[in-house]
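Undergrad: entry-v6.txt is the file, holding compact mmCIF, C-alpha atoms:
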# COMPACT_ATOMS: atom_id res chain seq x y z
CA MET A 27 98.18 90.12 121.98
CA LYS A 28 98.51 90.75 118.24
CA TYR A 29 101.49 92.55 116.76
CA THR A 30 101.75 93.86 113.21
CA GLY A 31 104.75 93.39 110.97
CA TYR A 32 105.74 94.18 107.40
CA ILE A 33 107.63 92.16 104.80
CA GLY A 34 109.73 93.58 101.99
CA THR A 35 109.99 91.34 98.92
CA TYR A 36 111.36 90.84 95.44
CA THR A 37 108.61 91.25 92.83
CA LYS A 38 110.31 89.17 90.15
CA GLY A 39 107.78 86.36 90.74
CA ASP A 40 104.34 86.34 92.36
CA SER A 41 104.95 89.11 94.88
CA LYS A 42 103.04 92.37 94.59
CA GLY A 43 105.23 94.48 96.90
CA ILE A 44 105.06 95.13 100.65
CA TYR A 45 103.07 92.64 102.73
CA SER A 46 101.71 92.94 106.25
CA PHE A 47 101.20 90.12 108.74
CA THR A 48 100.27 89.61 112.36
CA LEU A 49 101.78 87.64 115.20
CA ASP A 50 99.35 86.42 117.85
CA THR A 51 101.53 85.88 120.90
CA ASP A 52 98.73 84.17 122.85
CA GLU A 53 98.07 81.63 120.09
CA LYS A 54 101.78 81.59 119.13
CA LYS A 55 100.84 81.89 115.48
CA LEU A 56 101.52 83.99 112.38
CA GLY A 57 98.63 84.99 110.11
CA GLU A 58 96.65 87.64 108.25
CA VAL A 59 99.18 87.99 105.43
CA SER A 60 98.04 90.61 102.89
CA VAL A 61 99.42 93.12 100.40
CA ALA A 62 100.02 96.45 102.16
CA ALA A 63 101.40 98.35 99.16
CA ALA A 64 101.94 97.40 95.51
CA ILE A 65 105.42 98.49 94.38
CA GLY A 66 108.41 97.08 92.52
CA SER A 67 110.89 95.07 94.64
CA PRO A 68 110.70 96.82 98.03
CA THR A 69 113.43 94.53 99.32
CA TYR A 70 114.23 96.58 102.41
CA LEU A 71 111.98 98.61 104.71
CA ASN A 72 112.26 100.74 107.80
CA LEU A 73 109.75 102.53 110.00
CA SER A 74 109.93 105.91 111.70
CA LYS A 75 110.28 105.68 115.46
CA ASP A 76 106.65 106.78 115.94
CA ASN A 77 105.39 104.23 113.34
CA ARG A 78 103.72 106.99 111.27
CA PHE A 79 105.91 106.48 108.22
CA VAL A 80 107.35 103.51 106.33
CA TYR A 81 110.31 103.87 103.97
CA ALA A 82 111.12 101.33 101.29
CA VAL A 83 113.70 100.88 98.57
CA ALA A 84 112.10 100.27 95.20
CA ASN A 85 112.71 100.13 91.48
CA GLU A 86 110.64 101.40 88.59
CA GLY A 87 111.80 100.50 85.09
CA GLU A 88 115.39 101.74 84.72
CA ALA A 89 115.26 103.83 87.91
CA GLY A 90 115.57 103.06 91.59
CA GLY A 91 115.31 104.91 94.87
CA VAL A 92 113.33 105.40 98.06
CA VAL A 93 109.56 105.58 98.60
CA ALA A 94 107.81 107.13 101.60
CA TYR A 95 104.47 105.95 102.96
CA SER A 96 102.22 107.28 105.68
CA ARG A 97 100.80 104.58 107.91
CA ASN A 98 97.28 104.66 109.31
CA THR A 99 97.91 103.89 112.97
CA GLU A 100 94.44 102.40 113.37
CA THR A 101 94.12 100.24 110.24
CA GLY A 102 97.80 99.77 109.36
CA GLU A 103 97.06 100.82 105.78
CA LEU A 104 99.99 102.30 103.84
CA LYS A 105 99.46 105.36 101.64
CA GLU A 106 102.24 106.38 99.28
CA LEU A 107 103.35 109.97 99.83
CA ASN A 108 106.00 110.27 97.14
CA ARG A 109 109.07 108.58 95.73
CA GLN A 110 112.54 109.83 94.90
CA LEU A 111 114.12 107.85 92.07
CA LEU A 112 117.38 108.14 90.15
CA GLN A 113 118.52 106.39 86.99
CA GLY A 114 120.08 103.03 87.72
CA ALA A 115 119.54 100.15 90.11
CA SER A 116 117.59 100.56 93.33
CA PRO A 117 119.23 100.70 96.78
CA CYS A 118 119.33 97.59 98.98
CA HIS A 119 119.06 99.16 102.43
CA VAL A 120 117.28 102.14 103.97
CA SER A 121 117.28 103.71 107.46
CA VAL A 122 115.72 106.74 109.13
CA ASN A 123 116.95 108.70 112.15
CA ASP A 124 115.00 108.91 115.39
CA GLU A 125 113.71 112.41 114.64
CA ASN A 126 112.34 111.23 111.28
CA GLN A 127 114.23 114.05 109.56
CA PHE A 128 116.82 112.23 107.49
CA VAL A 129 116.72 108.99 105.51
CA VAL A 130 119.86 107.22 104.27
CA ALA A 131 120.11 104.44 101.69
CA ALA A 132 122.87 102.10 100.51
CA ASN A 133 123.09 101.08 96.85
CA TYR A 134 124.83 97.76 96.22
CA HIS A 135 125.02 98.04 92.44
CA ASN A 136 126.23 101.64 92.34
CA GLY A 137 128.47 101.46 95.40
CA THR A 138 126.91 104.62 96.81
CA ILE A 139 125.38 106.01 100.00
CA GLY A 140 122.60 108.58 99.66
CA SER A 141 120.86 110.93 102.10
CA TYR A 142 117.34 112.39 101.87
CA GLU A 143 115.38 114.86 103.96
CA MET A 144 111.89 114.07 105.20
CA ASN A 145 109.36 116.76 106.16
CA ALA A 146 106.89 115.02 108.44
CA ASP A 147 104.58 118.05 108.60
CA SER A 148 104.08 118.21 104.84
CA GLU A 149 104.53 114.43 104.51
CA THR A 150 107.15 114.94 101.82
CA LEU A 151 110.38 113.09 101.08
CA TYR A 152 112.70 115.46 99.23
CA PRO A 153 115.20 114.53 96.46
CA ALA A 154 118.61 113.19 97.45
CA LEU A 155 120.70 115.79 99.28
CA SER A 156 123.98 113.94 99.05
CA ILE A 157 125.31 110.92 97.14
CA LYS A 158 128.73 109.53 98.05
CA LYS A 159 130.42 106.88 95.90
CA HIS A 160 132.88 104.48 97.46
CA VAL A 161 136.14 103.56 95.72
CA GLY A 162 138.08 100.31 95.71
CA ASP A 163 137.68 96.56 95.40
CA GLY A 164 138.60 93.31 97.17
CA PRO A 165 140.35 90.00 96.55
CA ASN A 166 137.16 88.11 95.63
CA LYS A 167 137.04 89.14 91.96
CA GLU A 168 133.57 87.69 91.39
CA ARG A 169 131.92 89.60 94.25
CA GLN A 170 134.38 92.41 94.96
CA ASP A 171 135.07 93.82 91.50
CA GLY A 172 134.26 97.30 92.84
CA PRO A 173 132.38 99.03 95.66
CA HIS A 174 129.09 97.42 96.73
CA ALA A 175 127.50 99.40 99.56
CA HIS A 176 125.16 97.12 101.53
CA TYR A 177 124.14 99.00 104.67
CA ALA A 178 123.69 102.57 105.89
CA GLY A 179 122.33 103.24 109.37
CA PHE A 180 122.51 105.76 112.18
CA THR A 181 124.68 105.14 115.20
CA PRO A 182 122.80 104.77 118.52
CA ASP A 183 123.73 108.31 119.57
CA GLN A 184 122.34 109.55 116.21
CA LYS A 185 125.59 111.49 115.65
CA TYR A 186 126.86 109.56 112.65
CA VAL A 187 125.92 107.33 109.73
CA ALA A 188 127.73 103.99 109.61
CA ALA A 189 128.01 102.55 106.09
CA ILE A 190 129.19 99.07 105.13
CA ASP A 191 130.66 98.16 101.74
CA LEU A 192 130.90 94.50 100.77
CA GLY A 193 133.09 95.24 97.75
CA THR A 194 135.79 97.23 99.51
CA ASP A 195 135.78 95.37 102.87
CA LYS A 196 135.28 98.70 104.63
CA LEU A 197 133.14 100.23 107.34
CA TYR A 198 132.76 103.97 106.77
CA THR A 199 131.64 106.64 109.24
CA TYR A 200 129.91 109.76 107.91
CA GLU A 201 128.87 112.97 109.58
CA LEU A 202 125.52 114.28 108.40
CA ASN A 203 125.73 118.07 108.23
CA LYS A 204 122.33 119.48 107.19
CA GLY A 205 121.87 116.36 105.11
CA GLU A 206 125.32 116.43 103.51
CA LEU A 207 127.34 113.23 104.03
CA ASN A 208 130.97 113.85 105.00
CA GLU A 209 133.28 110.86 105.54
CA ILE A 210 135.27 111.16 108.77
CA HIS A 211 136.56 107.61 109.33
CA SER A 212 136.93 104.25 107.64
CA LEU A 213 137.95 100.84 108.96
CA HIS A 214 139.42 98.25 106.58
CA LEU A 215 138.27 94.82 107.73
CA THR A 216 140.06 91.59 106.88
CA ALA A 217 140.36 91.37 103.09
CA GLY A 218 137.74 89.18 101.42
CA THR A 219 135.31 89.08 104.34
CA GLY A 220 132.61 90.99 102.43
CA PRO A 221 130.92 92.96 105.26
CA ARG A 222 127.13 93.22 104.90
CA HIS A 223 125.01 94.36 107.89
CA MET A 224 125.50 95.42 111.49
CA THR A 225 123.69 95.93 114.77
CA PHE A 226 124.65 97.80 117.95
CA HIS A 227 124.68 96.58 121.52
CA PRO A 228 122.20 98.56 123.67
CA ASN A 229 125.14 99.96 125.66
CA GLY A 230 126.10 101.95 122.54
CA LYS A 231 129.76 100.96 122.87
CA ILE A 232 129.86 97.70 120.88
CA ALA A 233 128.72 96.82 117.35
CA TYR A 234 128.32 93.43 115.69
CA LEU A 235 128.98 93.23 111.95
CA MET A 236 127.93 90.28 109.74
CA THR A 237 130.11 89.33 106.80
CA GLU A 238 128.58 87.77 103.69
CA LEU A 239 131.66 86.17 102.11
CA SER A 240 133.58 84.81 105.11
CA ASN A 241 130.46 84.05 107.21
CA GLU A 242 131.69 85.69 110.38
CA VAL A 243 130.50 88.11 113.01
CA VAL A 244 133.01 90.88 113.68
CA VAL A 245 132.82 92.40 117.14
CA LEU A 246 133.70 96.09 117.10
CA ALA A 247 134.33 98.74 119.74
CA TYR A 248 132.55 102.00 118.85
CA ASN A 249 133.99 105.35 119.91
CA LYS A 250 131.12 107.81 120.07
CA GLU A 251 133.51 110.72 120.51
CA ASP A 252 134.91 110.52 116.98
CA GLY A 253 132.76 107.85 115.29
CA SER A 254 135.61 105.37 114.83
CA PHE A 255 135.48 101.58 115.17
CA LYS A 256 138.06 99.04 116.35
CA GLU A 257 138.08 95.27 115.72
CA LEU A 258 137.85 93.06 118.81
CA GLN A 259 136.89 89.57 117.56
CA TYR A 260 136.02 87.50 114.48
CA ILE A 261 133.82 84.42 115.04
CA SER A 262 132.35 82.04 112.45
CA THR A 263 128.60 81.57 111.99
CA ILE A 264 128.81 78.18 110.23
CA PRO A 265 130.25 74.79 111.28
CA ASP A 266 133.94 74.22 110.52
CA ASP A 267 133.12 71.18 108.39
CA PHE A 268 130.49 72.93 106.21
CA THR A 269 132.05 73.37 102.75
CA GLU A 270 129.04 74.18 100.56
CA ASN A 271 128.09 77.67 99.42
CA ASN A 272 126.99 79.92 102.26
CA GLN A 273 126.39 83.65 102.37
CA GLY A 274 125.87 85.43 105.67
CA SER A 275 122.84 87.71 105.75
CA ALA A 276 121.05 89.41 108.67
CA ILE A 277 122.23 90.11 112.19
CA HIS A 278 120.20 91.31 115.21
CA ILE A 279 120.61 91.53 118.98
CA SER A 280 118.18 91.11 121.88
CA SER A 281 117.32 94.35 123.68
CA ASP A 282 118.99 93.14 126.89
CA GLY A 283 122.24 92.77 124.93
CA ARG A 284 122.71 89.15 126.01
CA PHE A 285 122.28 87.35 122.66
CA VAL A 286 123.26 88.00 119.04
CA TYR A 287 121.56 86.18 116.15
CA ALA A 288 123.02 85.78 112.66
CA ALA A 289 121.48 84.14 109.57
CA ASN A 290 123.21 81.80 107.14
CA ARG A 291 121.99 81.42 103.53
CA GLY A 292 123.14 78.04 102.23
CA HIS A 293 123.54 76.38 105.59
CA ASP A 294 119.99 77.76 106.06
CA SER A 295 120.25 78.39 109.75
CA ILE A 296 120.33 81.04 112.44
CA ALA A 297 123.38 81.04 114.67
CA VAL A 298 122.98 82.10 118.30
CA PHE A 299 125.77 83.72 120.32
CA SER A 300 125.93 84.93 123.91
CA THR A 301 127.71 88.18 124.69
CA ASN A 302 130.30 88.87 127.35
CA SER A 303 128.85 91.64 129.51
CA ASP A 304 132.29 93.17 130.08
CA THR A 305 134.01 92.90 126.70
CA GLY A 306 131.09 92.41 124.30
CA GLU A 307 132.85 89.42 122.73
CA LEU A 308 130.77 86.43 121.58
CA THR A 309 130.54 82.77 122.51
CA PHE A 310 128.74 80.32 120.23
CA VAL A 311 125.54 78.86 121.71
CA ASP A 312 123.54 77.06 119.02
CA ARG A 313 122.39 76.88 115.38
CA THR A 314 118.79 76.31 114.34
CA SER A 315 117.53 75.32 110.89
CA THR A 316 115.21 77.85 109.23
CA GLU A 317 113.21 74.98 107.69
CA GLY A 318 113.53 76.54 104.23
CA ASN A 319 115.92 77.98 101.68
CA TRP A 320 117.99 81.17 101.85
CA PRO A 321 117.00 83.00 105.08
CA ARG A 322 117.45 86.61 103.97
CA ASP A 323 116.30 88.31 107.16
CA PHE A 324 114.61 87.79 110.52
CA ALA A 325 113.25 89.86 113.39
CA LEU A 326 112.54 89.52 117.08
CA ASP A 327 108.95 90.42 117.91
CA PRO A 328 108.24 93.28 120.38
CA THR A 329 108.02 90.85 123.32
CA GLU A 330 111.25 89.16 122.17
CA LYS A 331 109.70 85.81 123.04
CA PHE A 332 109.53 84.99 119.33
CA LEU A 333 111.69 85.23 116.22
CA ILE A 334 110.34 85.34 112.65
CA ALA A 335 112.61 84.42 109.73
CA SER A 336 112.05 84.93 105.99
CA ASN A 337 113.21 82.22 103.57
CA GLN A 338 113.59 83.99 100.23
CA GLU A 339 113.97 81.01 97.91
CA SER A 340 111.24 78.87 99.51
CA SER A 341 108.85 81.84 99.96
CA SER A 342 108.09 81.15 103.59
CA LEU A 343 107.93 82.81 106.99
CA ILE A 344 109.06 80.72 109.95
CA LEU A 345 108.05 81.30 113.56
CA PHE A 346 110.31 80.33 116.46
CA GLU A 347 109.82 80.65 120.18
CA ARG A 348 112.84 82.19 121.90
CA ASN A 349 114.13 81.25 125.32
CA PRO A 350 115.18 84.57 126.87
CA GLU A 351 117.46 82.83 129.37
CA THR A 352 119.42 80.61 126.98
CA GLY A 353 118.83 82.46 123.70
CA THR A 354 117.90 79.24 121.92
CA LEU A 355 115.09 78.88 119.38
CA THR A 356 112.30 76.30 119.09
CA LEU A 357 110.30 75.85 115.87
CA LEU A 358 106.58 76.67 116.15
CA GLN A 359 105.29 77.26 112.61
CA SER A 360 106.58 76.82 109.06
CA ASP A 361 103.44 76.92 106.88
CA VAL A 362 103.13 80.67 106.18
CA THR A 363 103.64 81.64 102.55
CA VAL A 364 104.92 85.04 101.38
CA PRO A 365 106.37 85.25 97.85
CA ASP A 366 110.12 86.02 97.70
CA PRO A 367 110.35 87.58 101.18
CA VAL A 368 113.41 89.59 102.14
CA CYS A 369 113.07 92.11 104.97
CA VAL A 370 111.06 91.59 108.18
CA LYS A 371 110.06 94.55 110.38
CA PHE A 372 107.74 94.93 113.37
CA LEU A 373 106.19 98.17 114.55
CA ASN A 374 108.28 100.00 117.11
CA GLN A 375 106.97 99.73 120.66
When written as structure tokens, how does the structure in this file appear?
TA:
Amino acid sequence: MKYTGYIGTYTKGDSKGIYSFTLDTDEKKLGEVSVAAAIGSPTYLNLSKDNRFVYAVANEGEAGGVVAYSRNTETGELKELNRQLLQGASPCHVSVNDENQFVVAANYHNGTIGSYEMNADSETLYPALSIKKHVGDGPNKERQDGPHAHYAGFTPDQKYVAAIDLGTDKLYTYELNKGELNEIHSLHLTAGTGPRHMTFHPNGKIAYLMTELSNEVVVLAYNKEDGSFKELQYISTIPDDFTENNQGSAIHISSDGRFVYAANRGHDSIAVFSTNSDTGELTFVDRTSTEGNWPRDFALDPTEKFLIASNQESSSLILFERNPETGTLTLLQSDVTVPDPVCVKFLNQ
């Protein structure tokens, strides 16, 4: 069986924009890498639940924003519909709700969260409906001189938008009222941790948050009644004796909720944790080298028998086979080149 995926990249070097690739699960091999859309630095992507639309962050000169594409479900070809740009740096993260009605984006440089409305019938992404700027800083003066929003995504129940700010060490919860973002809760994490990305357990009650500065996974209880979060556990993703520079990056969970995976840039590895079925807390299982430099992101394929990681600084995709019983990873392929890869996404199944 062949599955299609997309790669978001930086276009500061040889990259042309968004790339597509295939995973052949019978041959256990990645291939067919090609340019799917030429655009400036589409570092993060997301797909609508029905796979008809792809959304990407992008920059154009002195402006940045979100671009919408329609996707040919037969050929996989991407056709740009329109783009909504504002003066300043581009966002770093983009998400879309299950109904493909609202898109939210996080802007690291501006410290803002923005919401957009999508009309699927007219295939139009409208200008930003709401822009909210975070306030504050953190103890790491080099990285936390002000707000640096790094993630904005919908909660599993689709009721709220969860937003993470690396600069303020906060996790914010927003209500989305006809596209208007209204903050209803915030959780101040341990100072200096630099929260970055998160993923939810399939039970909808637990979330796992990756920190970039302290290299930890924070286990959180999620209250769907009011959108609040509560800290349960902090656990390191790197060895205790590793003292070189490391910056935590992506975090994902298997669909059965048994294993959480977290990437380390610097240690250049993916840490594997098992989850406690009662409490959601994590136990360390293993770490696997990504066979390259600076693993920015990774994804489980639709069968979840494989994991694909993107090494940004060594411009490579790495294929691992995943043991669904132990969660551990085994290297299969490390010879696939994609220039400056960042985000990895498969089609929704």
Undergrad: Given the choices A:Asp267, A:Asp327, A:Asp294, A:Glu242, which gets closest to Ser281 (chain A) if the distance is worked out from all atoms listed in the file?
TA: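 Among the listed residues, the smallest separation from Ser281 (chain A) belongs to A:Asp327.
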Undergrad: Considering all atoms listed in the file, can you say which of A:Glu251, A:Asp171, A:Glu317, A:Glu106 comes closest to Ile44 (chain A)?
TA: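 Among the listed residues, the smallest separation from Ile44 (chain A) belongs to A:Glu106.
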Undergrad: Identify, on the basis of all atoms listed in the file, every residue whose closest approach to Gly230 (chain A) does not exceed 12 Å; exclude the query and any residue fewer than 6 positions from it along the same chain; express the result as a PyMOL selection string.
TA: chain A and resi 180-185+246-251+253+255+281+283+306
Undergrad: For region 332-336 of chain A, I'd like the enclosing box, axis-aligned and padded by 6 Å on every side, reported as AutoDock Vina command-line options with centre and edge lengths in Å to one decimal.
TA:
--center_x 111.1 --center_y 84.9 --center_z 112.7 --size_x 15.1 --size_y 12.9 --size_z 25.3
Undergrad: Neighbouring residues of Met27 (chain A) were defined as those with any atom within 10 Å, considering all atoms listed in the file; residues of the same chain fewer than 4 positions away were excluded. Please report them as a ChimeraX atom specification.
TA: /A:48-54,329
Undergrad: Give the answer as one residue: which of A:Thr356, A:Thr363, A:Ser148, A:Ser141 has the shortest atom-to-atom distance to Glu339 (chain A), using only C-alpha atoms?
TA: A:Thr363
Undergrad: CA of Gly91 (chain A) and CA of Asn145 (chain A), how far apart in Å?
TA: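 Taking CA of Asn145 (chain A) as the start and CA of Gly91 (chain A) as the end point, the length is 17.4 Å.
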Undergrad: Using only C-alpha atoms, which of A:Ile296, A:Ile65, A:Val243, A:Ile139 sits nearest Thr309 (chain A)?
TA: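 Of all the options, A:Val243 lies closest to Thr309 (chain A).
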Undergrad: Hey, which of A:Thr219, A:Ile277, A:Ser254, A:Pro350 ends up closest to Met236 (chain A)? Count only C-alpha atoms.
TA: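 The closest residue to Met236 (chain A) is A:Ile277.
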Undergrad: Which residues are near region 66-74 of chain A? Cut-off 7 Å, all atoms listed in the file, ignore same chain within fewer than 4 positions. Put them as a list in words.
TA: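 Once the adjacent positions are removed, what remains is Gly34, Thr35, Tyr36, Thr37, Gly43, Ile44, Arg78, Phe79, Val80, Tyr81, Ala82, Val83, Ala84, Asn85, Glu86, Cys118, His119, Val120, Ser121, Val122, Asp124, Asn126, Val368 and Cys369 of chain A.
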Undergrad: Write a file of the just-selected residues containing C-alpha atoms, as a CSV table (one decimal), keeping the file's coordinate frame.
TA:
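Below is the file that was written, again-v3.csv:
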chain,number,residue,atom,x,y,z
A,34,GLY,CA,109.7,93.6,102.0
A,35,THR,CA,110.0,91.3,98.9
A,36,TYR,CA,111.4,90.8,95.4
A,37,THR,CA,108.6,91.2,92.8
A,43,GLY,CA,105.2,94.5,96.9
A,44,ILE,CA,105.1,95.1,100.6
A,78,ARG,CA,103.7,107.0,111.3
A,79,PHE,CA,105.9,106.5,108.2
A,80,VAL,CA,107.4,103.5,106.3
A,81,TYR,CA,110.3,103.9,104.0
A,82,ALA,CA,111.1,101.3,101.3
A,83,VAL,CA,113.7,100.9,98.6
A,84,ALA,CA,112.1,100.3,95.2
A,85,ASN,CA,112.7,100.1,91.5
A,86,GLU,CA,110.6,101.4,88.6
A,118,CYS,CA,119.3,97.6,99.0
A,119,HIS,CA,119.1,99.2,102.4
A,120,VAL,CA,117.3,102.1,104.0
A,121,SER,CA,117.3,103.7,107.5
A,122,VAL,CA,115.7,106.7,109.1
A,124,ASP,CA,115.0,108.9,115.4
A,126,ASN,CA,112.3,111.2,111.3
A,368,VAL,CA,113.4,89.6,102.1
A,369,CYS,CA,113.1,92.1,105.0
Undergrad: Could you pull out every residue with an atom within 8 Å of (112.8, 86.4, 99.1), file coordinates, counting all atoms listed in the file, and send them as a list of chain:residue names?
TA: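 Every residue inside that radius is included here: A:Thr35, A:Tyr36, A:Trp320, A:Arg322, A:Ser336, A:Asn337, A:Gln338, A:Glu339, A:Ser340, A:Ser341, A:Pro365, A:Asp366, A:Pro367, A:Val368.
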